[in-house]
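Here the structure is laid out as structure tokens; the discussion comes afterwards.
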Amino acid sequence: MKIAVQINDKDAVIGFASVYSEEQLQISGWQEVEADPNFNSGNVREWKVANGNLVKIASGLTPLQELQQANVNLQLQLNESLATTKQLQQASINQTLTQDALNQQLAAINQKLDAAQSTTTKEDK
């Protein structure tokens, strides 16, 4: 659905009409744009016209573009979280491997100590 919007010199919407005539579009500052379901009389001051589309002043994006950008950002955060999880899993595996190696070295040292004590005990007898 098309609507007519009136914009100021900064392309911010200052008025709109859902019922309008071709003559109204000839008046300076008025133009026809595709309506957005999020656009209404309560938030008209939050919008401007860019490239013939209604966009939010704060972001310079249409609501659909804002949603797409939010999805991209969410996917990037998810990818970062997955990468961090993988790094933590690998660190845990590495720690386990290191702990196993230390346990094996400790067991070997204990065996040598036991053997040395056994030899010392036999010599004392």
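Chain labels follow the order of the structure tokens: the first chain is A, the next B, and so on; residue numbering restarts at 1 in every chain, and ligands are counted from 1 in their shown order.
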Worksheet item: Which residues come within 12 Å of range 6-20 of chain A, counting only C-alpha atoms, excluding same-chain residues fewer than 6 positions away, as a PyMOL selection string?
Response: chain A and resi 26-36+39-58+60
Fill in: Residue set, chain A restricted to alpha helix (DSSP H), as number ranges by chain
A: 22-25, 63-124
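CA of Ser118 in chain A to CA of Gln105 in chain A spans 19.8 Å [interatomic distance, one decimal].
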